[in-house]
Amino acid sequence: MLLSVKGLSAHYGRVQALSSVDLDAPEGSIVTLIGANGAGKSTFMMAVSGVLRSISGAIEYDGRRIDGLPSDEIVRLGLSQCPEGRRVWPKMTVLENLEMGAFSVGDASLVRERLERVYSHFPILEQRSAQLAGSLSGGEQQMLAIGRALMSGPRLLMLDEPSLGLAPIVVEHLVEIIREIRNSGTTIILVEQNAFMALGLADTAYVLETGRVALSGKASELLKNDTVRKSYLGV
Amino acid sequence: MLMVFLQQALNGIILGCIYALIALGLSLIFGILEVANFAHGEFYMLGAFMALFSMSGLGVSFFPALLIAMIGMGIIGALIERAVFRPIVGKPLINSMLLSFGLSTALANLALLLFGADPQKIESGLADYHLRFFGLHLTAERLMVLVVSVALVILLAWFIQSTRTGKAMRAVSQDRVAAQLAGINVSRIYTITFAISGALAAAAGTMVGAMFFVSPEMGFSVVLKCFIIIALGGFGKIRGVIVAAVMIGLAESLGGGFISYAYKDAYPFLLLVLLFMLKPQGLTGGSGR
Amino acid sequence: MRGKGILRSVLCVAAMLSLGCAAWAALPDGNVRVGVVMPTSGTLAYDGGLTLNGVKMAVDEINAAGGVSGHKVELFIEDSAGVPATAVAAMEKLVGMQKVVAVIGDFGSSGTLAMMDVAKRSQTPLITPISLAPKITELGNIWTFRGCDSSEMIAKSFTKWAVAEKKLDKWAFIGVNTDYGRGSVDAFSKKVKDLGGEVVYTEYFQQGETDYYPIITKLKASSANALCMLGETVDLSRVVSQFHEMGLQEKITIMDPTSGTFNPKFLELAKAKANGIIGASRFVASIKTPKAEKFVADYQKRYNIPPEKYAQAGYDVAHMVAMAVKNADSTDTAKVREALAKIEYEGPQGKAHFDAKNQLQIGEYIIVVKDGKFEIVAGPIMAE
Amino acid sequence: MNLLEARDISVSFGGLKAVEGVDLSVNEGEIMTLIGPNGAGKTTAFNLITGFLAPDRGTVAFRGRDITGLPPHDIAALGLVRTFQKTNIFAETTVEHSIAIGFHTRLKAGLGSIVFGGADARAEGREVRERAREILEFTGLAPWAAHLGKNLPYGKQRMLSIALALAANPALLLLDEPATGLNPVETKELIDIIYRIRDERKITVFLIEHNMNLVISISDRIAVLNYGQKIAEGSPAQVSRDPAVIEAYLGRGFRHAS
């Protein structure tokens with residue numbers, strides 16, 4: 001088990017955002033979290049990344065407790081997150097954004113290699129490499145954010161709504177890229193509003209409702225589950 | 001009349017360079033930690049005393065003393081960040097305003113207690129060498145101030161633009177959470193920011209101590225002026241802050257020389273009001289794109 | 001013993017309440033309480049400290065010699081910080097709570113002018129040791145005294161000498177932007193014009209200013225052959241060094257007629273650049289009279305620096321107050337005021353008395369700075 | 001007559017031609033959609049139409065009147081109102097009050113009478129309250145009327161930005177990616193409200209959207225931009241069969257997925 005979360009609870013001020021969430025991500029798998037806006041999906045990711053500090057419960061990564069570690073150490077251990085809402089650095093160039101994504105990587109040739117790989121996934125980023133990130137269109141910024149998260153060479157990649165604002169052809173391409181990343185050995189946790197896409201991609205799935213795990217199981221089975229179909233797939 | 005104008009302009013530019021050094025540090029702190037540091041003027045004052053005592057106590061000459069002051073204030077700046085500002089990062093601005101105001105008063109009074117109210121002069125040994133060119137007059141000391149501050153500003157701009165740490169500083173200022181997720185140790189960046197700002201303020205203080213004097217209350221008025229400069233130049237914009245600093249220097253010098261010197265502290269404010277009327281986006285604010 | 005003391009104070013208070021501000025026939029028991037308002041912080045702290053040195057030395061002398069008719073003089077010192085509002089608050093405290101017989105202060109003319117109303121309302125004599133603004137003794141406030149020369153008196157004596165003897169006819173003025181600075185510049189400009197000279201440039205600066213290049217640059221472009229500076233030690237030392245940085249010393253005679261800079265601190269700050277500055281002063285450490293020599297020796301011994309006119313002023317004014325209390329043989333403030341107005345005093349600076357406007361009448365010495373010393377070149381010159 | 005007629009509009013940033021010689025027309029009463037790859041210039045085209053950017057070349061006419069170069073608030077006052085990609089609401093204001101503010105920006109009573117509470121302003125106050133109520137009911141936000149904008153769920157925030165646009169009384173409503181970030185259930189609600197805006201309020205709708213399920217099902221016509229140029233225009237069926245559109249935007253998997 002690469003990531004094993006037990007009894008994770010988190011607070012934003014007085015608001016309880018997560019209550020006693022258990023989640024397992026086996027090495028090499030794709031795990032998806034689905035749920036309405038505000039169900040706690042992003043909070044979960046921020047807690048695992050060490051950005052949200054007021055948490056209780058245990059987060060084990062590769063057999064080692066990481067809850068309480070500072071976020072930069074967590075990144076160095078191989079966890080990376082592409083946050084919701086892109087959050088690129090608008091006044092830095094595309095290339096600088098990507099370089100900073102590899103902040104924890106010391107080896108310059110490794111950085112170059114990963115940069116090439118990101119460019120091969122998203123050729124538009126190479127064309128725009130000298131442009132300020134803030135001048136990119138929304139969809140291009142989304143690609144940059146995903147590329148930046150890949151630059152640290154994660155063993156566990158957490159993607160928070162990566163398809164947001166992307167053209168259908170790019171979403172299609174993104175699905176291929178996510179598969180490819182997984183096939184190269186990276187474990188992925190995926191949060192998506194596009195539940196069809198997420199359940200189609202994932203091995204296991206967790207449904208979050210107001211901070212609790214309401215349902216979990218094989219993604220292919222949840223795809224057939226009536227509640228899921230009605231509440232999250234809209235069919 | 002033209003010569004007087006040019007001489008006043010030259011004086012103003014030198015003054016502006018000093019302001020730029022202090023304001024840039026203040027702007028970095030504001031942009032990266034999102035705290036207002038009213039005690040920044042005291043960093044400048046303590047830096048000047050550090051240089052003064054290095055010269056009188058250790059017997060070193062001016063330039064090594066400048067270096068010692070910069071390093072010393074870098075360290076003190078870093079310690080103050082850890083002890084005082086770290087706990088209030090992310091809290092509303094009023095917290096840091098009140099806290100740093102208190103710190104400013106405490107440091108100024110501590111200096112008054114330790115060093116006395118007497119103003120003292122740092123002897124660079126350069127004030128007695130005179131340069132005359134095209135009818136303009138410049139002492140070697142002022143030339144040194146010009147060269148050192150321009151060099152420091154260029155060094156800072158290069159550092160922020162091109163080094164890994166500098167880029168990380170920009171990343172933190174633009175989106176702190178994204179920087180954390182990229183593996184940047186944000187706390188370390190905060191400390192480095194304070195260290196750099198402290199060192200720049202110390203350099204400015206030392207040079208002002210040579211041109212004018214060192215005294216415990218020298219920091220207070222300068223910090224207000226620097227907040228005006230930051231407002232003029234645009235928050236977190238290096239080029240804007242430099243341009244604004246030189247503009248304020250020129251406004252004081254030319255306004256003081258040609259209108260009335262008794263009200264020269266009013267000119268920066270007038271400039272600020274004027275600019276906000278004409279160009280609400282700030283000096284280097286673009287047309288929206 | 002203790003109980004008796006308390007009983008007596010209760011009776012005193014009761015007496016005061018029943019009689020209003022009653023007068024005692026003779027000095028009551030207890031110390032003679034004297035208030036002092038001086039800047040001990042802020043930009044005037046250094047200069048204010050010098051005056052305070054003189055006051056303290058005088059009081060120690062008086063007490064060592066048995067006090068005023070056997071009563072010790074006790075000082076109550078408040079900080080004005082050079083801010084008029086603070087000075088007023090300090091004076092209110094001294095007259096309201098400490099019940100002092102007289103107040104010595106303030107340093108700056110603005111502070112003194114502000115306190116004058118309190119003096120009148122509380123009927124407490126206020127004597128300024130230093131404030132030079134002519135207005136102070138022109139307002140007709142009988143409760144306020146000036147224990148030194150006014151800038152107008154200095155102006156008369158000094159310009160008479162400078163225009164007539166030194167042939168300086170094109171004057172520039174740099175003054176601090178306060179009542180003292182503006183008042184003095186007006187007084188000097190008028191006298192210069194009366195004597196046929198010309199005023200070619202006038203500029204003011206804020207107290208505590210550091211950068212005088214804009215002024216010096218304009219000065220350089222003017223036709224002035226004399227620069228008259230009016231301000232305090234620290235500010236003027238910056239003016240002088242920037243004056244030299246611009247290389248004006250060969251072209252322009254530099255003068256500090258109210259000799260605000262004639263003190264050791266200034267010499268330390270300005271070093272060789274102080275040489276050649278001409279000023280006028282009612283006092284300088286090189287005066288050769290027995291009173292002056294004793295004062296200089298005692299002060300040097302006590303403070304390790306030679307005295308200048310700020311210390312002398314504090315010293316003289318404290319003696320004057322003590323003498324007035326002794327002559328009045330009362331701590332009633334009205335009687336002390338009357339006695340002070342009639343005083344015949346002789347101190348280190350010579351013989352002095354107050355005129356009808358409570359202005360001290362004394363002569364001026366013309367002094368020049370030479371190799372870190374103050375040399376008398378003329379005087380004493382009386383104003384009339 | 002076309003409600004909106006943009007002819008040959010072009011703009012470039014630096015050397016980059018963001019929009020190049022594009023003609024766009026919207027007929028009264030239709031739902032028109034602009035699609036295209038990320039960075040194709042869709043939002044830039046909206047900015048040109050609504051006056052947030054001035055075109056280097058070309059003209060924009062609204063109800064037959066040339067509005068090229070007019071400032072955004074004047075264009076909005078003519079009835080051409082837009083929403084933004086990033087949800088643009090008053091975070092610290094209640095939903096009801098936000099909509100009232102939306103009205104005030106266009107009502108006639110002068111500032112003086114609002115401040116001094118003249119009869120005009122009082123009458124307007126009543127009118128505003130009634131109409132705000134009506135819009136709240138229409139958009140289904142009535143249960144949230146007393147909540148602060150920032151405390152609404154994301155889907156409701158997007159609905160509020162549409163409600164704010166409606167308060168400005170548009171004849172043509174431009175929606176920039178309204179379905180982004182909505183889950184399938186919320187998307188269905190959005191489709192419903194767009195139909196009702198058109199059918200019940202007689203407002204023409206022009207949108208930018210990537211959610212092809214939504215686009216195909218509600219659009220009367222679709223225009224496609226790629227690299228700043230229009231590469232196709234037509235009915236959903238025509239456009240989704242167009243090889244150039246499949247190549248540049250939809251992807252070959254599209255037919256299969258839908």
# chains A, B, ... in the order shown; residues from 1 in each chain; ligands from 1
>>> interface_residues(of="chain A", to="chain D", cutoff="12 Å", atoms="only C-alpha atoms", output="compact mmCIF listing (two decimals) with N, CA and C atoms, in the first residue's frame")
# COMPACT_ATOMS: atom_id res chain seq x y z
N ILE A 34 -14.94 11.00 -5.70
CA ILE A 34 -16.00 11.80 -6.30
C ILE A 34 -16.94 12.30 -5.21
N GLY A 35 -17.69 13.32 -5.55
CA GLY A 35 -18.57 13.94 -4.56
C GLY A 35 -18.90 15.34 -4.98
N ALA A 36 -19.91 15.90 -4.33
CA ALA A 36 -20.35 17.24 -4.71
C ALA A 36 -19.28 18.28 -4.35
N ASN A 37 -19.44 19.49 -4.87
CA ASN A 37 -18.56 20.58 -4.45
C ASN A 37 -18.71 20.77 -2.95
N GLY A 38 -17.56 20.88 -2.26
CA GLY A 38 -17.63 21.09 -0.82
C GLY A 38 -17.73 19.82 0.00
N ALA A 39 -17.61 18.66 -0.66
CA ALA A 39 -17.72 17.41 0.10
C ALA A 39 -16.45 17.07 0.85
N GLU A 84 -6.59 22.29 -7.19
CA GLU A 84 -7.80 22.80 -7.84
C GLU A 84 -7.61 24.27 -8.20
N GLY A 85 -8.14 24.65 -9.34
CA GLY A 85 -8.08 26.06 -9.73
C GLY A 85 -6.74 26.48 -10.28
N ARG A 86 -5.97 25.55 -10.76
CA ARG A 86 -4.71 25.80 -11.49
C ARG A 86 -3.59 26.35 -10.61
N PHE A 122 2.29 18.08 -23.48
CA PHE A 122 1.57 19.31 -23.81
C PHE A 122 2.44 20.21 -24.69
N ILE A 124 1.87 22.62 -26.53
CA ILE A 124 1.57 24.05 -26.49
C ILE A 124 2.42 24.77 -25.44
N LEU A 125 2.76 24.04 -24.37
CA LEU A 125 3.56 24.66 -23.31
C LEU A 125 4.95 25.00 -23.81
N GLN A 127 5.68 25.83 -26.92
CA GLN A 127 5.53 27.04 -27.73
C GLN A 127 5.42 28.28 -26.85
N ARG A 128 4.78 28.13 -25.71
CA ARG A 128 4.51 29.29 -24.86
C ARG A 128 5.54 29.44 -23.74
N GLN A 131 6.34 32.80 -22.33
CA GLN A 131 5.23 33.70 -22.00
C GLN A 131 4.94 33.67 -20.50
N SER A 135 -0.77 35.06 -18.85
CA SER A 135 -1.30 35.43 -20.16
C SER A 135 -1.84 34.22 -20.91
N LEU A 136 -1.72 33.02 -20.33
CA LEU A 136 -2.25 31.83 -20.99
C LEU A 136 -3.77 31.79 -20.82
N SER A 137 -4.41 31.08 -21.72
CA SER A 137 -5.85 30.87 -21.56
C SER A 137 -6.07 29.90 -20.41
N GLY A 138 -7.30 29.86 -19.92
CA GLY A 138 -7.62 29.01 -18.77
C GLY A 138 -7.18 27.56 -18.97
N GLY A 139 -7.47 27.02 -20.13
CA GLY A 139 -7.14 25.63 -20.39
C GLY A 139 -5.63 25.40 -20.44
N GLU A 140 -4.92 26.36 -21.03
CA GLU A 140 -3.46 26.24 -21.09
C GLU A 140 -2.86 26.29 -19.69
N GLN A 141 -3.45 27.13 -18.85
CA GLN A 141 -2.97 27.19 -17.46
C GLN A 141 -3.17 25.86 -16.76
N GLN A 142 -4.29 25.19 -17.08
CA GLN A 142 -4.55 23.89 -16.48
C GLN A 142 -3.47 22.88 -16.89
N MET A 143 -3.10 22.91 -18.18
CA MET A 143 -2.04 22.02 -18.64
C MET A 143 -0.73 22.32 -17.92
N ASP A 160 -6.30 17.41 -8.76
CA ASP A 160 -7.58 17.94 -8.30
C ASP A 160 -8.28 18.62 -9.48
N GLU A 161 -9.29 17.96 -10.02
CA GLU A 161 -10.05 18.44 -11.17
C GLU A 161 -9.17 18.86 -12.34
N PRO A 162 -8.38 17.94 -12.87
CA PRO A 162 -7.47 18.31 -13.95
C PRO A 162 -8.18 18.67 -15.26
N SER A 163 -9.41 18.21 -15.47
CA SER A 163 -10.06 18.46 -16.77
C SER A 163 -10.82 19.78 -16.80
N LEU A 164 -10.76 20.51 -15.68
CA LEU A 164 -11.54 21.75 -15.58
C LEU A 164 -11.18 22.71 -16.71
N GLY A 165 -12.16 23.07 -17.50
CA GLY A 165 -11.96 24.08 -18.54
C GLY A 165 -11.17 23.63 -19.74
N LEU A 166 -10.97 22.33 -19.88
CA LEU A 166 -10.19 21.85 -21.03
C LEU A 166 -11.12 21.48 -22.19
N ALA A 167 -10.62 21.70 -23.41
CA ALA A 167 -11.36 21.31 -24.60
C ALA A 167 -11.49 19.79 -24.64
N PRO A 168 -12.56 19.29 -25.25
CA PRO A 168 -12.77 17.84 -25.26
C PRO A 168 -11.56 17.06 -25.77
N ILE A 169 -10.91 17.58 -26.81
CA ILE A 169 -9.77 16.84 -27.36
C ILE A 169 -8.63 16.78 -26.35
N VAL A 170 -8.51 17.82 -25.55
CA VAL A 170 -7.45 17.82 -24.53
C VAL A 170 -7.82 16.88 -23.39
N VAL A 171 -9.10 16.85 -23.05
CA VAL A 171 -9.54 15.93 -22.01
C VAL A 171 -9.25 14.50 -22.45
N GLU A 172 -9.54 14.23 -23.70
CA GLU A 172 -9.27 12.91 -24.25
C GLU A 172 -7.78 12.57 -24.13
N HIS A 173 -6.99 13.57 -24.47
CA HIS A 173 -5.54 13.44 -24.41
C HIS A 173 -5.09 13.27 -22.95
N LEU A 174 -5.74 14.03 -22.07
CA LEU A 174 -5.40 13.96 -20.65
C LEU A 174 -5.63 12.55 -20.10
N VAL A 175 -6.72 11.94 -20.53
CA VAL A 175 -7.01 10.58 -20.09
C VAL A 175 -5.85 9.64 -20.49
N GLU A 176 -5.37 9.84 -21.71
CA GLU A 176 -4.23 9.03 -22.15
C GLU A 176 -3.00 9.30 -21.31
N VAL A 191 -9.34 13.59 -8.41
CA VAL A 191 -10.62 14.19 -8.05
C VAL A 191 -11.21 14.78 -9.31
N GLU A 192 -12.46 14.48 -9.61
CA GLU A 192 -13.05 14.96 -10.85
C GLU A 192 -14.53 15.26 -10.69
N GLN A 193 -14.98 16.35 -11.32
CA GLN A 193 -16.42 16.56 -11.45
C GLN A 193 -16.95 15.66 -12.57
N ASN A 194 -16.10 15.43 -13.57
CA ASN A 194 -16.46 14.58 -14.68
C ASN A 194 -16.38 13.13 -14.21
N ALA A 195 -17.45 12.71 -13.52
CA ALA A 195 -17.41 11.41 -12.84
C ALA A 195 -17.34 10.24 -13.81
N PHE A 196 -17.91 10.43 -15.00
CA PHE A 196 -17.80 9.38 -16.02
C PHE A 196 -16.35 9.08 -16.33
N MET A 197 -15.63 10.16 -16.59
CA MET A 197 -14.23 10.02 -16.94
C MET A 197 -13.44 9.40 -15.78
N GLY A 200 -14.26 5.81 -15.18
CA GLY A 200 -13.75 5.02 -16.30
C GLY A 200 -12.26 4.76 -16.18
N VAL A 228 -25.02 6.32 -7.17
CA VAL A 228 -23.96 7.06 -7.85
C VAL A 228 -24.47 7.59 -9.18
N ARG A 229 -25.15 6.73 -9.91
CA ARG A 229 -25.63 7.14 -11.23
C ARG A 229 -26.58 8.34 -11.12
N LYS A 230 -27.44 8.29 -10.09
CA LYS A 230 -28.44 9.34 -9.94
C LYS A 230 -27.80 10.65 -9.43
N SER A 231 -26.93 10.54 -8.40
CA SER A 231 -26.41 11.75 -7.75
C SER A 231 -25.21 12.35 -8.46
N TYR A 232 -24.38 11.52 -9.07
CA TYR A 232 -23.11 12.05 -9.59
C TYR A 232 -22.98 11.93 -11.09
N LEU A 233 -23.73 11.07 -11.69
CA LEU A 233 -23.61 10.95 -13.14
C LEU A 233 -24.78 11.61 -13.86
N GLY A 234 -25.82 11.89 -13.10
CA GLY A 234 -26.95 12.59 -13.69
C GLY A 234 -27.71 11.78 -14.72
N VAL A 235 -27.73 10.45 -14.53
CA VAL A 235 -28.50 9.62 -15.48
C VAL A 235 -29.58 8.82 -14.75
>>> interface_residues(of="chain B", to="chain C", cutoff="8 Å", atoms="only C-alpha atoms", output="VMD selection string")
chain B and resid 4 7 to 8 11 117 to 121 127 to 128 130 137 to 139 212 to 213 217 253 to 254 256 to 257 260 to 263
>>> select_by_dssp(residues="range 159-311 of chain C", states="strand (DSSP E or B)", output="ChimeraX atom specification")
/C:170-176,198-205,226-230,253-255,278-281
>>> select_by_dssp(residues="range 48-115 of chain A", states="alpha helix (DSSP H)", output="PyMOL selection string")
chain A and resi 48+71-76+94-101+108-115
>>> write_last_selection(atoms="N, CA, C and O atoms", output="JSON list (two decimals), in the first residue's frame")
[["chain", "number", "residue", "atom", "x", "y", "z"],
["A", 48, "VAL", "N", -3.23, 15.66, 2.98],
["A", 48, "VAL", "CA", -2.17, 14.69, 2.66],
["A", 48, "VAL", "C", -0.89, 15.42, 2.26],
["A", 48, "VAL", "O", 0.22, 15.02, 2.60],
["A", 71, "SER", "N", 5.22, 20.52, 4.30],
["A", 71, "SER", "CA", 4.85, 20.18, 2.93],
["A", 71, "SER", "C", 6.05, 19.97, 2.02],
["A", 71, "SER", "O", 6.03, 19.11, 1.15],
["A", 72, "ASP", "N", 7.13, 20.74, 2.23],
["A", 72, "ASP", "CA", 8.27, 20.57, 1.33],
["A", 72, "ASP", "C", 8.93, 19.21, 1.51],
["A", 72, "ASP", "O", 9.40, 18.61, 0.55],
["A", 73, "GLU", "N", 8.91, 18.69, 2.75],
["A", 73, "GLU", "CA", 9.47, 17.35, 2.95],
["A", 73, "GLU", "C", 8.59, 16.28, 2.31],
["A", 73, "GLU", "O", 9.08, 15.29, 1.77],
["A", 74, "ILE", "N", 7.29, 16.51, 2.37],
["A", 74, "ILE", "CA", 6.36, 15.56, 1.76],
["A", 74, "ILE", "C", 6.58, 15.49, 0.25],
["A", 74, "ILE", "O", 6.62, 14.42, -0.35],
["A", 75, "VAL", "N", 6.80, 16.65, -0.35],
["A", 75, "VAL", "CA", 7.09, 16.67, -1.79],
["A", 75, "VAL", "C", 8.38, 15.91, -2.08],
["A", 75, "VAL", "O", 8.47, 15.12, -3.01],
["A", 76, "ARG", "N", 9.38, 16.11, -1.23],
["A", 76, "ARG", "CA", 10.66, 15.46, -1.43],
["A", 76, "ARG", "C", 10.54, 13.93, -1.32],
["A", 76, "ARG", "O", 11.29, 13.19, -1.93],
["A", 94, "VAL", "N", 6.12, 30.42, -18.28],
["A", 94, "VAL", "CA", 5.75, 29.01, -18.30],
["A", 94, "VAL", "C", 6.96, 28.15, -17.90],
["A", 94, "VAL", "O", 6.84, 27.25, -17.07],
["A", 95, "LEU", "N", 8.11, 28.48, -18.47],
["A", 95, "LEU", "CA", 9.31, 27.70, -18.16],
["A", 95, "LEU", "C", 9.66, 27.81, -16.68],
["A", 95, "LEU", "O", 9.98, 26.81, -16.02],
["A", 96, "GLU", "N", 9.58, 29.03, -16.13],
["A", 96, "GLU", "CA", 9.89, 29.20, -14.70],
["A", 96, "GLU", "C", 8.92, 28.42, -13.83],
["A", 96, "GLU", "O", 9.32, 27.82, -12.83],
["A", 97, "ASN", "N", 7.65, 28.43, -14.20],
["A", 97, "ASN", "CA", 6.66, 27.64, -13.46],
["A", 97, "ASN", "C", 7.07, 26.18, -13.42],
["A", 97, "ASN", "O", 7.03, 25.53, -12.37],
["A", 98, "LEU", "N", 7.47, 25.68, -14.58],
["A", 98, "LEU", "CA", 7.85, 24.26, -14.64],
["A", 98, "LEU", "C", 9.13, 24.01, -13.85],
["A", 98, "LEU", "O", 9.23, 23.03, -13.10],
["A", 99, "GLU", "N", 10.10, 24.91, -13.98],
["A", 99, "GLU", "CA", 11.36, 24.75, -13.23],
["A", 99, "GLU", "C", 11.09, 24.72, -11.72],
["A", 99, "GLU", "O", 11.68, 23.91, -10.99],
["A", 100, "MET", "N", 10.20, 25.60, -11.28],
["A", 100, "MET", "CA", 9.90, 25.64, -9.85],
["A", 100, "MET", "C", 9.15, 24.39, -9.40],
["A", 100, "MET", "O", 9.23, 24.01, -8.24],
["A", 101, "GLY", "N", 8.44, 23.76, -10.34],
["A", 101, "GLY", "CA", 7.80, 22.49, -10.01],
["A", 101, "GLY", "C", 8.83, 21.44, -9.62],
["A", 101, "GLY", "O", 8.56, 20.52, -8.85],
["A", 108, "ALA", "N", 20.22, 18.58, -12.48],
["A", 108, "ALA", "CA", 19.78, 19.42, -13.59],
["A", 108, "ALA", "C", 19.40, 18.59, -14.82],
["A", 108, "ALA", "O", 18.46, 18.94, -15.55],
["A", 109, "SER", "N", 20.11, 17.50, -15.06],
["A", 109, "SER", "CA", 19.80, 16.72, -16.26],
["A", 109, "SER", "C", 18.45, 16.02, -16.11],
["A", 109, "SER", "O", 17.70, 15.85, -17.06],
["A", 110, "LEU", "N", 18.14, 15.66, -14.85],
["A", 110, "LEU", "CA", 16.85, 15.04, -14.58],
["A", 110, "LEU", "C", 15.72, 16.06, -14.82],
["A", 110, "LEU", "O", 14.68, 15.72, -15.39],
["A", 111, "VAL", "N", 15.99, 17.30, -14.43],
["A", 111, "VAL", "CA", 15.00, 18.36, -14.64],
["A", 111, "VAL", "C", 14.75, 18.53, -16.13],
["A", 111, "VAL", "O", 13.61, 18.61, -16.59],
["A", 112, "ARG", "N", 15.85, 18.55, -16.90],
["A", 112, "ARG", "CA", 15.72, 18.72, -18.36],
["A", 112, "ARG", "C", 14.90, 17.58, -18.97],
["A", 112, "ARG", "O", 14.03, 17.78, -19.81],
["A", 113, "GLU", "N", 15.21, 16.38, -18.51],
["A", 113, "GLU", "CA", 14.52, 15.20, -19.03],
["A", 113, "GLU", "C", 13.01, 15.29, -18.77],
["A", 113, "GLU", "O", 12.19, 15.02, -19.65],
["A", 114, "ARG", "N", 12.67, 15.68, -17.54],
["A", 114, "ARG", "CA", 11.25, 15.77, -17.20],
["A", 114, "ARG", "C", 10.57, 16.89, -17.97],
["A", 114, "ARG", "O", 9.41, 16.77, -18.35],
["A", 115, "LEU", "N", 11.31, 17.98, -18.18],
["A", 115, "LEU", "CA", 10.78, 19.09, -18.95],
["A", 115, "LEU", "C", 10.42, 18.60, -20.36],
["A", 115, "LEU", "O", 9.34, 18.91, -20.89]]
>>> interface_residues(of="chain D", to="chain B", cutoff="12 Å", atoms="only C-alpha atoms", output="number ranges by chain")
D: 12-14, 44, 47, 52-54
>>> residues_around(residues="Gln123 in chain C", least_positions_apart="6", cutoff="12 Å", atoms="only C-alpha atoms", output="count of residues only")
23
